[in-house]
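> What follows is the file upload.cif, containing mmCIF, C-alpha atoms:
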```cif
data_work
#
loop_
_atom_site.label_atom_id
_atom_site.label_comp_id
_atom_site.auth_asym_id
_atom_site.auth_seq_id
_atom_site.Cartn_x
_atom_site.Cartn_y
_atom_site.Cartn_z
CA MET O 435 23.21 15.90 15.42
CA GLU O 436 24.61 12.39 15.34
CA ALA O 437 26.83 11.62 12.39
CA ASN O 438 25.01 8.38 11.64
CA VAL O 439 21.65 10.04 11.07
CA PRO O 440 21.70 11.16 7.44
CA GLN O 441 19.36 13.97 6.52
CA PHE O 442 17.24 13.34 3.49
CA LYS O 443 14.17 14.58 1.72
CA LEU O 444 11.32 12.14 1.35
CA ILE O 445 8.63 11.96 -1.32
CA LEU O 446 5.68 9.58 -0.94
CA GLY O 447 4.55 8.64 -4.44
CA SER O 448 0.98 7.92 -3.40
CA SER O 449 -2.28 9.77 -2.86
CA SER O 450 -3.46 7.23 -0.25
CA THR O 451 -4.57 8.85 3.02
CA ALA O 452 -3.74 5.67 4.96
CA ARG O 453 -0.16 5.61 3.63
CA ARG O 454 0.29 9.32 4.42
CA LYS O 455 -0.90 8.70 7.97
CA ILE O 456 1.41 5.69 8.49
CA LEU O 457 4.47 7.54 7.18
CA ALA O 458 3.68 10.56 9.38
CA ASP O 459 3.20 8.24 12.38
CA MET O 460 6.70 6.89 11.67
CA GLY O 461 8.00 10.40 12.36
CA TYR O 462 8.90 11.37 8.79
CA GLN O 463 8.27 14.69 7.09
CA PHE O 464 7.54 14.27 3.41
CA THR O 465 5.84 15.65 0.35
CA THR O 466 3.44 13.63 -1.77
CA MET O 467 3.18 13.14 -5.53
CA SER O 468 0.76 10.95 -7.40
CA ALA O 469 1.87 8.77 -10.33
CA ASP O 470 -1.44 8.68 -12.23
CA ILE O 471 -0.51 5.65 -14.33
CA ASP O 472 -2.90 3.23 -16.03
CA GLU O 473 -2.56 0.36 -13.56
CA LYS O 474 -4.76 -1.91 -15.66
CA ALA O 475 -2.17 -1.76 -18.46
CA ILE O 476 0.30 -3.70 -16.30
CA ARG O 477 -0.48 -7.39 -15.88
CA LYS O 478 1.49 -10.15 -14.16
CA GLU O 479 0.54 -13.73 -13.28
CA LYS O 480 1.70 -13.60 -9.67
CA PRO O 481 0.37 -10.96 -7.25
CA GLU O 482 3.88 -10.45 -5.82
CA ASP O 483 5.23 -9.67 -9.32
CA LEU O 484 2.27 -7.41 -10.09
CA VAL O 485 2.64 -5.17 -7.02
CA MET O 486 6.39 -4.86 -7.59
CA ALA O 487 5.88 -3.98 -11.28
CA LEU O 488 3.28 -1.36 -10.37
CA ALA O 489 5.49 0.23 -7.70
CA GLU O 490 8.28 0.44 -10.30
CA ALA O 491 5.98 1.92 -12.94
CA LYS O 492 4.84 4.56 -10.42
CA ALA O 493 8.46 5.43 -9.61
CA GLU O 494 9.29 5.73 -13.33
CA ALA O 495 6.30 8.06 -13.82
CA ILE O 496 7.23 10.33 -10.89
CA ILE O 497 11.04 10.53 -11.21
CA PRO O 498 11.12 12.76 -14.34
CA ARG O 499 8.90 15.29 -12.50
CA VAL O 500 11.24 15.66 -9.52
CA SER O 501 14.00 18.25 -9.65
CA ILE O 502 16.99 17.50 -7.44
CA GLY O 503 19.43 20.09 -6.16
CA GLU O 504 22.74 19.61 -7.95
CA SER O 505 25.04 21.43 -5.52
CA GLU O 506 28.39 19.63 -5.32
CA GLY O 507 28.88 17.07 -2.59
CA ASP O 508 26.46 18.39 -0.02
CA ALA O 509 23.16 17.71 -1.76
CA GLU O 510 21.02 15.82 0.72
CA PRO O 511 19.64 12.60 -0.74
CA THR O 512 16.06 12.63 -1.95
CA LEU O 513 14.21 9.36 -1.48
CA LEU O 514 11.04 8.38 -3.32
CA ILE O 515 8.73 5.75 -1.86
CA THR O 516 6.26 4.09 -4.23
CA CYS O 517 3.87 1.30 -3.25
CA ASP O 518 1.11 -0.87 -4.52
CA GLN O 519 -1.26 -3.38 -3.04
CA VAL O 520 -3.65 -6.07 -4.18
CA VAL O 521 -5.92 -8.43 -2.31
CA VAL O 522 -5.72 -12.14 -3.10
CA TYR O 523 -8.84 -14.24 -2.64
CA GLU O 524 -8.86 -17.94 -3.55
CA GLY O 525 -5.79 -17.40 -5.69
CA MET O 526 -7.34 -14.54 -7.65
CA VAL O 527 -5.96 -10.99 -7.60
CA ARG O 528 -8.46 -8.30 -6.66
CA GLU O 529 -7.91 -4.62 -7.28
CA LYS O 530 -10.24 -1.73 -6.48
CA PRO O 531 -13.89 -2.77 -7.05
CA SER O 532 -15.25 -1.51 -10.37
CA SER O 533 -18.77 -1.00 -8.99
CA GLU O 534 -20.86 -1.08 -5.81
CA ALA O 535 -22.14 -4.53 -6.83
CA GLU O 536 -18.60 -5.85 -7.10
CA ALA O 537 -17.62 -4.32 -3.74
CA ARG O 538 -20.65 -6.03 -2.18
CA GLN O 539 -19.72 -9.38 -3.72
CA PHE O 540 -16.12 -9.04 -2.53
CA MET O 541 -17.24 -8.48 1.08
CA LYS O 542 -19.79 -11.31 0.94
CA ASP O 543 -16.96 -13.61 -0.22
CA TYR O 544 -14.75 -12.68 2.75
CA ALA O 545 -17.47 -13.47 5.32
CA ASN O 546 -16.43 -16.57 7.31
CA GLY O 547 -13.52 -16.94 4.94
CA HIS O 548 -10.10 -15.46 4.44
CA ALA O 549 -8.14 -13.20 2.11
CA ALA O 550 -4.59 -11.92 1.92
CA THR O 551 -3.06 -8.56 1.07
CA VAL O 552 0.16 -8.35 -0.91
CA SER O 553 1.84 -4.95 -0.58
CA SER O 554 4.97 -3.69 -2.28
CA VAL O 555 7.32 -0.95 -1.15
CA LEU O 556 9.96 0.46 -3.47
CA VAL O 557 12.43 3.08 -2.24
CA THR O 558 14.56 4.92 -4.81
CA ASN O 559 17.47 7.19 -3.90
CA LEU O 560 17.08 9.86 -6.58
CA VAL O 561 20.66 11.10 -6.15
CA THR O 562 22.51 7.78 -6.40
CA GLY O 563 19.91 5.86 -8.38
CA CYS O 564 20.06 3.08 -5.78
CA ARG O 565 16.71 1.26 -5.54
CA ARG O 566 15.43 -1.41 -3.18
CA GLY O 567 12.02 -3.01 -3.16
CA GLU O 568 10.23 -5.90 -1.53
CA TRP O 569 6.73 -7.21 -0.95
CA ASP O 570 4.93 -8.17 2.23
CA LYS O 571 1.97 -10.53 2.64
CA VAL O 572 -0.65 -10.57 5.38
CA GLU O 573 -3.40 -13.18 5.86
CA ILE O 574 -6.78 -12.01 7.20
CA TYR O 575 -9.45 -14.34 8.61
CA PHE O 576 -13.07 -13.20 8.95
CA HIS O 577 -16.12 -13.97 11.05
CA ASP O 578 -19.47 -13.34 9.39
CA ILE O 579 -19.91 -9.87 7.84
CA PRO O 580 -23.59 -8.88 8.28
CA ASP O 581 -25.44 -7.40 5.29
CA GLN O 582 -26.19 -4.18 7.17
CA VAL O 583 -22.44 -3.67 7.73
CA ILE O 584 -21.81 -4.19 4.01
CA ASP O 585 -24.64 -1.75 3.12
CA LYS O 586 -23.21 0.87 5.47
CA LEU O 587 -19.68 0.53 4.09
CA ILE O 588 -20.87 0.83 0.50
CA GLU O 589 -22.99 3.85 1.42
CA GLU O 590 -19.88 5.51 2.90
CA GLY O 591 -18.02 4.68 -0.29
CA ILE O 592 -14.45 4.29 1.03
CA VAL O 593 -14.37 0.56 0.20
CA LEU O 594 -14.78 1.46 -3.48
CA TYR O 595 -11.28 2.97 -3.40
CA ALA O 596 -9.59 0.13 -1.50
CA ALA O 597 -7.87 -2.86 -3.11
CA GLY O 598 -10.30 -5.78 -2.99
CA GLY O 599 -12.86 -3.55 -1.24
CA LEU O 600 -11.01 -4.43 1.96
CA ILE O 601 -10.57 -2.02 4.88
CA ILE O 602 -9.77 -3.90 8.08
CA GLU O 603 -9.18 -0.86 10.28
CA HIS O 604 -12.76 0.42 9.81
CA PRO O 605 -14.78 0.43 13.08
CA LEU O 606 -17.61 -1.49 11.36
CA ILE O 607 -15.29 -4.23 10.08
CA LEU O 608 -13.13 -4.62 13.20
CA PRO O 609 -15.68 -6.86 15.02
CA CYS O 610 -15.83 -9.08 11.91
CA ILE O 611 -12.09 -9.82 11.95
CA LYS O 612 -11.15 -13.14 13.47
CA GLU O 613 -7.37 -12.97 13.03
CA VAL O 614 -4.70 -10.99 11.20
CA VAL O 615 -1.45 -12.86 10.52
CA GLY O 616 0.99 -10.03 9.86
CA SER O 617 0.95 -6.30 10.55
CA THR O 618 -2.08 -4.01 10.26
CA ASP O 619 0.04 -1.21 8.72
CA SER O 620 0.89 -3.61 5.88
CA VAL O 621 -2.82 -4.25 5.25
CA MET O 622 -3.35 -0.47 5.23
CA GLY O 623 -0.80 -0.24 2.43
CA LEU O 624 2.57 0.58 4.00
CA PRO O 625 4.43 -2.01 6.09
CA LYS O 626 6.43 0.11 8.58
CA ALA O 627 9.30 -2.27 9.36
CA LEU O 628 9.92 -3.02 5.68
CA THR O 629 9.79 0.68 4.75
CA GLU O 630 12.31 1.58 7.49
CA ARG O 631 14.69 -1.15 6.35
CA LEU O 632 14.53 -0.17 2.67
CA ILE O 633 15.14 3.51 3.52
CA LYS O 634 18.28 2.50 5.43
CA GLU O 635 19.44 0.26 2.56
CA VAL O 636 19.23 2.95 -0.13
CA LEU O 637 20.99 5.55 2.03
#
```
How would this structure read if it were set down as structure tokens?

Amino acid sequence: MEANVPQFKLILGSSSTARRKILADMGYQFTTMSADIDEKAIRKEKPEDLVMALAEAKAEAIIPRVSIGESEGDAEPTLLITCDQVVVYEGMVREKPSSEAEARQFMKDYANGHAATVSSVLVTNLVTGCRRGEWDKVEIYFHDIPDQVIDKLIEEGIVLYAAGGLIIEHPLILPCIKEVVGSTDSVMGLPKALTERLIKEVL
């Protein structure tokens, strides 16, 4: 083993399937924990501030539930990754749709228009207390989104659990995407390059 590859335990503080898949694709082994906080209780004017505040609140909720080995000197670091994401449309922050009607309206709005995702990643080293976080923004431009595509997506129900009712990697939505300025993994909730960099920084 190379000396410059530190071993560490990783906890993903999220129940998102997409984030689990991205982190696994990055080659990491990890356990998952969910924060279960009242996200609506945290409000900020700017989307960038909101996603950072939510990632911090999730970390604060999970940390007390994690037990860390206290053996002297050789305890491997445990890192906790918490994230949040919102969609911004015409300057307004959109979270998960509260109803099918709202999800439908969201998707109708995006047709022939554009939206952005703002995602935060916060990595906390639970042994040293060192914490680094940052946000990432991606712009998404759409062609028309036909009504039958919207009906199908709502019927499937996944869009009801996505920020802004937005899932760009879905086979039905892919043909409706004109351009993505930024990385797809960021839109899916976990920007890979940013996550890698923050992990290195807290180690």
> Find the residues near segment 592-605 of chain O: any atom within 9 Å, counting all atoms listed in the file, skip ones fewer than 2 places away on the same chain, and give them as number ranges by chain.
O: 519-523, 527-534, 536-538, 540-541, 551, 574, 587-590, 607-611, 618, 621-622
> Between O:Met526, O:Glu479, O:Val561, O:Lys612, single out the one closest to Ala545 of chain O, counting only C-alpha atoms.
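Of O:Met526, O:Glu479, O:Val561, O:Lys612, the one nearest Ala545 of chain O, counting only C-alpha atoms, is O:Lys612.
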> Quick check, in Å to one decimal: how far apart do atom CA of Glu473 of chain O and atom CA of Val500 of chain O lie?
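Atom CA of Glu473 of chain O sits 21.0 Å away from atom CA of Val500 of chain O.
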> So, counting all atoms listed in the file, which residue among O:Ile471, O:Leu488, O:Leu606, O:Ile515 is closest to Arg453 of chain O?
O:Ile515
> Any idea what's packed within 7 Å of Leu514 of chain O, counting all atoms listed in the file, ignoring anything in its chain fewer than 3 positions away? Could you give it as a ChimeraX atom specification?
/O:444-447,557-559
> My list of candidates is O:Ala550, O:Ile497, O:Ile456, O:Ile502. Which is closest to Thr629 of chain O when distances are computed with all atoms listed in the file?
O:Ile456
> Can you list what the PyMOL selection byres ((chain O and resi 448) around 10) grabs from this structure, as a list in words?
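Taken over the shown coordinates, the PyMOL selection byres ((chain O and resi 448) around 10) returns Ile445, Leu446, Gly447, Ser449, Ser450, Thr451, Ala452, Arg453, Arg454, Thr465, Thr466, Met467, Ser468, Ala469, Asp470, Ala489, Lys492, Ile515, Thr516, Cys517 and Asp518 of chain O.
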> Rank O:Glu494, O:Tyr575, O:Lys542, O:Leu457 by their smallest atom-to-atom distance to Gly616 of chain O, using only C-alpha atoms, and report the top residue only.
O:Tyr575
> List the neighbours of Ala487 of chain O out to 10 Å using all atoms listed in the file; skip same-chain residues closer than 6 positions along the sequence, and give me the result as a list in words.
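Answer for this query is Glu473, Ile476, Arg477, Lys478, Pro481, Ala493, Cys517, Asp518, Ser554 and Leu556 of chain O.
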> Just give me the gap between atom CA of Asp570 of chain O and atom CA of Glu635 of chain O in Å, one decimal is fine.
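Answer for the atom CA of Asp570 of chain O to atom CA of Glu635 of chain O separation: 16.8 Å.
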> Do you have the atom CA of Glu524 of chain O-atom CA of Gln582 of chain O distance handy?
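Answer for the atom CA of Glu524 of chain O to atom CA of Gln582 of chain O separation: 24.6 Å.
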> Which of these residues is nearest to Ala627 of chain O, using all atoms listed in the file: O:Met460, O:Lys480, O:Glu510, O:Ala535?
O:Met460
> Nearest residue to Asp472 of chain O out of O:Asp459, O:Ala495, O:Pro511, O:Asn546, using only C-alpha atoms?
O:Ala495
> Filtering to C-alpha atoms, could segment 557-616 of chain O of the supplied structure be written out as an mmCIF file, in the first residue's frame?

```
data_model
loop_
_atom_site.group_PDB
_atom_site.id
_atom_site.type_symbol
_atom_site.label_atom_id
_atom_site.label_comp_id
_atom_site.auth_asym_id
_atom_site.auth_seq_id
_atom_site.Cartn_x
_atom_site.Cartn_y
_atom_site.Cartn_z
ATOM 1 C CA VAL O 557 -17.297 16.604 4.169
ATOM 2 C CA THR O 558 -16.571 16.354 7.899
ATOM 3 C CA ASN O 559 -13.598 14.469 9.350
ATOM 4 C CA LEU O 560 -15.194 13.063 12.508
ATOM 5 C CA VAL O 561 -11.826 12.419 14.164
ATOM 6 C CA THR O 562 -10.219 15.845 13.668
ATOM 7 C CA GLY O 563 -13.393 17.893 13.361
ATOM 8 C CA CYS O 564 -12.050 19.390 10.129
ATOM 9 C CA ARG O 565 -14.911 20.321 7.771
ATOM 10 C CA ARG O 566 -14.951 21.558 4.192
ATOM 11 C CA GLY O 567 -17.964 22.377 2.081
ATOM 12 C CA GLU O 568 -18.787 24.012 -1.213
ATOM 13 C CA TRP O 569 -21.636 24.323 -3.684
ATOM 14 C CA ASP O 570 -21.805 23.605 -7.383
ATOM 15 C CA LYS O 571 -24.232 25.031 -9.950
ATOM 16 C CA VAL O 572 -25.354 23.504 -13.239
ATOM 17 C CA GLU O 573 -27.547 25.170 -15.888
ATOM 18 C CA ILE O 574 -30.000 22.979 -17.829
ATOM 19 C CA TYR O 575 -31.716 24.029 -21.071
ATOM 20 C CA PHE O 576 -34.815 22.214 -22.326
ATOM 21 C CA HIS O 577 -36.601 21.529 -25.596
ATOM 22 C CA ASP O 578 -40.350 21.016 -25.356
ATOM 23 C CA ILE O 579 -41.500 18.427 -22.778
ATOM 24 C CA PRO O 580 -44.615 16.703 -24.208
ATOM 25 C CA ASP O 581 -47.627 16.229 -21.921
ATOM 26 C CA GLN O 582 -47.511 12.439 -22.333
ATOM 27 C CA VAL O 583 -43.923 12.440 -21.032
ATOM 28 C CA ILE O 584 -45.007 14.498 -18.007
ATOM 29 C CA ASP O 585 -47.980 12.142 -17.391
ATOM 30 C CA LYS O 586 -45.702 9.113 -17.558
ATOM 31 C CA LEU O 587 -43.149 10.607 -15.148
ATOM 32 C CA ILE O 588 -45.825 11.545 -12.630
ATOM 33 C CA GLU O 589 -47.364 8.080 -12.914
ATOM 34 C CA GLU O 590 -43.947 6.552 -12.107
ATOM 35 C CA GLY O 591 -43.697 8.906 -9.152
ATOM 36 C CA ILE O 592 -39.902 9.379 -8.920
ATOM 37 C CA VAL O 593 -40.140 13.077 -9.845
ATOM 38 C CA LEU O 594 -42.162 13.653 -6.669
ATOM 39 C CA TYR O 595 -39.024 12.898 -4.643
ATOM 40 C CA ALA O 596 -36.618 14.997 -6.717
ATOM 41 C CA ALA O 597 -35.743 18.641 -6.029
ATOM 42 C CA GLY O 598 -37.803 20.781 -8.384
ATOM 43 C CA GLY O 599 -39.356 17.618 -9.865
ATOM 44 C CA LEU O 600 -36.260 17.471 -12.052
ATOM 45 C CA ILE O 601 -34.608 14.228 -13.171
ATOM 46 C CA ILE O 602 -32.423 14.786 -16.229
ATOM 47 C CA GLU O 603 -30.967 11.284 -16.422
ATOM 48 C CA HIS O 604 -34.402 9.673 -16.953
ATOM 49 C CA PRO O 605 -34.753 8.001 -20.404
ATOM 50 C CA LEU O 606 -38.019 9.904 -21.016
ATOM 51 C CA ILE O 607 -36.460 13.294 -20.233
ATOM 52 C CA LEU O 608 -33.130 12.795 -22.021
ATOM 53 C CA PRO O 609 -34.557 13.630 -25.495
ATOM 54 C CA CYS O 610 -36.043 16.843 -24.030
ATOM 55 C CA ILE O 611 -32.669 18.160 -22.855
ATOM 56 C CA LYS O 612 -31.086 20.713 -25.139
ATOM 57 C CA GLU O 613 -27.907 21.420 -23.170
ATOM 58 C CA VAL O 614 -26.370 20.841 -19.745
ATOM 59 C CA VAL O 615 -23.728 23.380 -18.687
ATOM 60 C CA GLY O 616 -21.898 21.535 -15.922
#
```
